[in-house]
Each structure stands twice: as structure tokens, then as C-alpha cells.
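Novice: Coordinates in entry-v2.csv, CSV, C-alpha atoms, are listed below.
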```csv
chain,number,residue,atom,x,y,z
H,1,MET,CA,27.0,-17.5,-31.2
H,2,ARG,CA,25.0,-20.0,-33.1
H,3,ASN,CA,23.8,-23.2,-31.5
H,4,ASP,CA,25.2,-25.5,-34.2
H,5,GLU,CA,28.8,-24.3,-33.7
H,6,PRO,CA,30.9,-26.4,-31.3
H,7,SER,CA,32.3,-24.5,-28.3
H,8,VAL,CA,35.9,-23.5,-28.0
H,9,LEU,CA,36.5,-26.1,-25.2
H,10,ARG,CA,35.0,-28.8,-27.3
H,11,GLN,CA,37.3,-28.0,-30.2
H,12,LEU,CA,40.3,-27.9,-28.0
H,13,ALA,CA,39.4,-31.2,-26.5
H,14,ARG,CA,39.2,-32.8,-30.0
H,15,LEU,CA,42.5,-31.2,-31.0
H,16,SER,CA,44.3,-32.5,-27.9
H,17,THR,CA,43.4,-36.1,-28.8
H,18,ILE,CA,45.1,-35.9,-32.2
H,19,GLY,CA,48.6,-36.3,-30.9
H,20,VAL,CA,47.6,-39.1,-28.5
H,21,SER,CA,45.9,-40.9,-31.3
H,22,LEU,CA,49.0,-40.8,-33.5
H,23,VAL,CA,51.3,-42.1,-30.8
H,24,ALA,CA,48.8,-44.8,-29.7
H,25,ALA,CA,48.3,-46.1,-33.2
H,26,THR,CA,52.0,-46.3,-33.8
H,27,ALA,CA,52.7,-48.0,-30.4
H,28,ILE,CA,49.9,-50.6,-31.0
H,29,GLY,CA,51.2,-51.4,-34.4
H,30,LEU,CA,54.8,-51.8,-33.0
H,31,ALA,CA,53.6,-54.0,-30.2
H,32,ILE,CA,51.6,-56.3,-32.5
H,33,GLY,CA,54.5,-56.6,-34.9
H,34,TYR,CA,57.0,-57.2,-32.2
H,35,GLY,CA,54.8,-59.9,-30.6
H,36,LEU,CA,54.3,-61.7,-33.9
H,37,ASP,CA,58.0,-61.5,-34.7
H,38,ARG,CA,58.8,-63.2,-31.3
H,39,VAL,CA,56.3,-66.0,-31.9
H,40,LEU,CA,57.0,-66.6,-35.6
H,41,GLY,CA,60.8,-65.8,-35.6
H,42,THR,CA,60.6,-63.4,-38.5
H,43,ARG,CA,62.4,-60.5,-36.8
H,44,PRO,CA,62.4,-57.6,-37.9
H,45,TRP,CA,60.0,-57.8,-40.8
H,46,LEU,CA,56.6,-58.0,-39.1
H,47,THR,CA,57.7,-55.3,-36.6
H,48,LEU,CA,58.5,-52.9,-39.5
H,49,MET,CA,55.4,-53.8,-41.4
H,50,PHE,CA,53.0,-53.4,-38.4
H,51,THR,CA,54.7,-50.2,-37.3
H,52,LEU,CA,54.1,-48.7,-40.8
H,53,PHE,CA,50.5,-49.9,-40.6
H,54,GLY,CA,50.2,-48.1,-37.2
H,55,ILE,CA,51.7,-44.9,-38.6
H,56,ALA,CA,49.3,-45.1,-41.5
H,57,ALA,CA,46.3,-45.6,-39.2
H,58,GLY,CA,47.4,-42.7,-37.0
H,59,PHE,CA,47.6,-40.4,-40.0
H,60,LEU,CA,44.3,-41.6,-41.3
H,61,ASN,CA,42.7,-40.7,-37.9
H,62,LEU,CA,44.5,-37.3,-38.0
H,63,PHE,CA,43.1,-36.5,-41.5
H,64,ARG,CA,39.6,-37.6,-40.4
H,65,ASP,CA,39.7,-35.4,-37.2
H,66,VAL,CA,41.1,-32.4,-39.0
H,67,GLY,CA,38.4,-32.8,-41.7
H,68,MET,CA,35.7,-32.9,-39.1
H,69,LEU,CA,37.1,-29.7,-37.6
H,70,GLY,CA,37.1,-28.0,-41.0
H,71,ARG,CA,33.5,-29.0,-41.7
H,72,GLY,CA,32.4,-27.7,-38.4
H,73,ARG,CA,33.5,-24.1,-39.2
H,74,ARG,CA,31.6,-23.8,-42.5
```
Show this structure as C-alpha cells.

Specialist:
Amino acid sequence: MRNDEPSVLRQLARLSTIGVSLVAATAIGLAIGYGLDRVLGTRPWLTLMFTLFGIAAGFLNLFRDVGMLGRGRR
């Protein structure tokens, strides 16, 4: 085993955070949109917009993490 290869446990730990990251980004976007809708009275538009931003941010994190795992194997 080479020293520059990440261990199996380290790879599993990184993979386990991917699902949490997707859900957390979506939930944060939803909470921000819902809060702004309550304050500004623009229901449901900001909730929808910020939820979509949260989903996009979650997938961006997903692609970054998967890309890092792929680079580590080469």
C-alpha cells in the first residue's frame, strides 16, 4: 500500500458525508426561503427559489466530493 493513497476508512468517512451534505444544503435553503417569505409576504416564491438554490448547492458539493474521490484513485 502506498503512502499517498487514502485509507479505506478515510474514503468511507468522506462518502458518508455526501448524503448529509445534500440534505443539509436543501434544508438550509428551504429554511432561508421560508423565513424570507414570512417576513416579506411573498409566499411561496422565495421558498421555492431558495430550495432550488439549496438543491443546486448540494449537488455541487456532491460533484466536488465525487471528483476528489476519483482523483485520489489515479

Novice: Counting only C-alpha atoms, which residues of region 43-66 of chain H sit at most 7 Å from some atom of region 15-30 of chain H, and what is each one's closest atom pair with its distance in Å to one decimal, listed by chain and rising residue number, as a tab-separated table?

Specialist:
```
residue	atom	partner	partner_atom	distance
H:Thr47	CA	H:Leu30	CA	5.8
H:Phe50	CA	H:Gly29	CA	4.8
H:Thr51	CA	H:Leu30	CA	4.6
H:Phe53	CA	H:Gly29	CA	6.4
H:Gly54	CA	H:Thr26	CA	4.2
H:Ile55	CA	H:Thr26	CA	5.0
H:Ala57	CA	H:Ala25	CA	6.3
H:Gly58	CA	H:Leu22	CA	4.3
H:Phe59	CA	H:Leu22	CA	6.7
H:Leu62	CA	H:Ile18	CA	6.0
```

Novice: Kindly give the distance, in Å, that separates CA of Gly67 (chain H) and CA of Leu52 (chain H), rounded to a single decimal.

Specialist: 22.4 Å

Novice: CA of Phe63 (chain H) and CA of Asp4 (chain H), how far apart in Å?

Specialist: 22.2 Å

Novice: To one decimal place in Å, what is the distance between CA of Gly33 (chain H) and CA of Ala56 (chain H)?

Specialist: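 Taking CA of Gly33 (chain H) as the start and CA of Ala56 (chain H) as the end point, the length is 14.2 Å.
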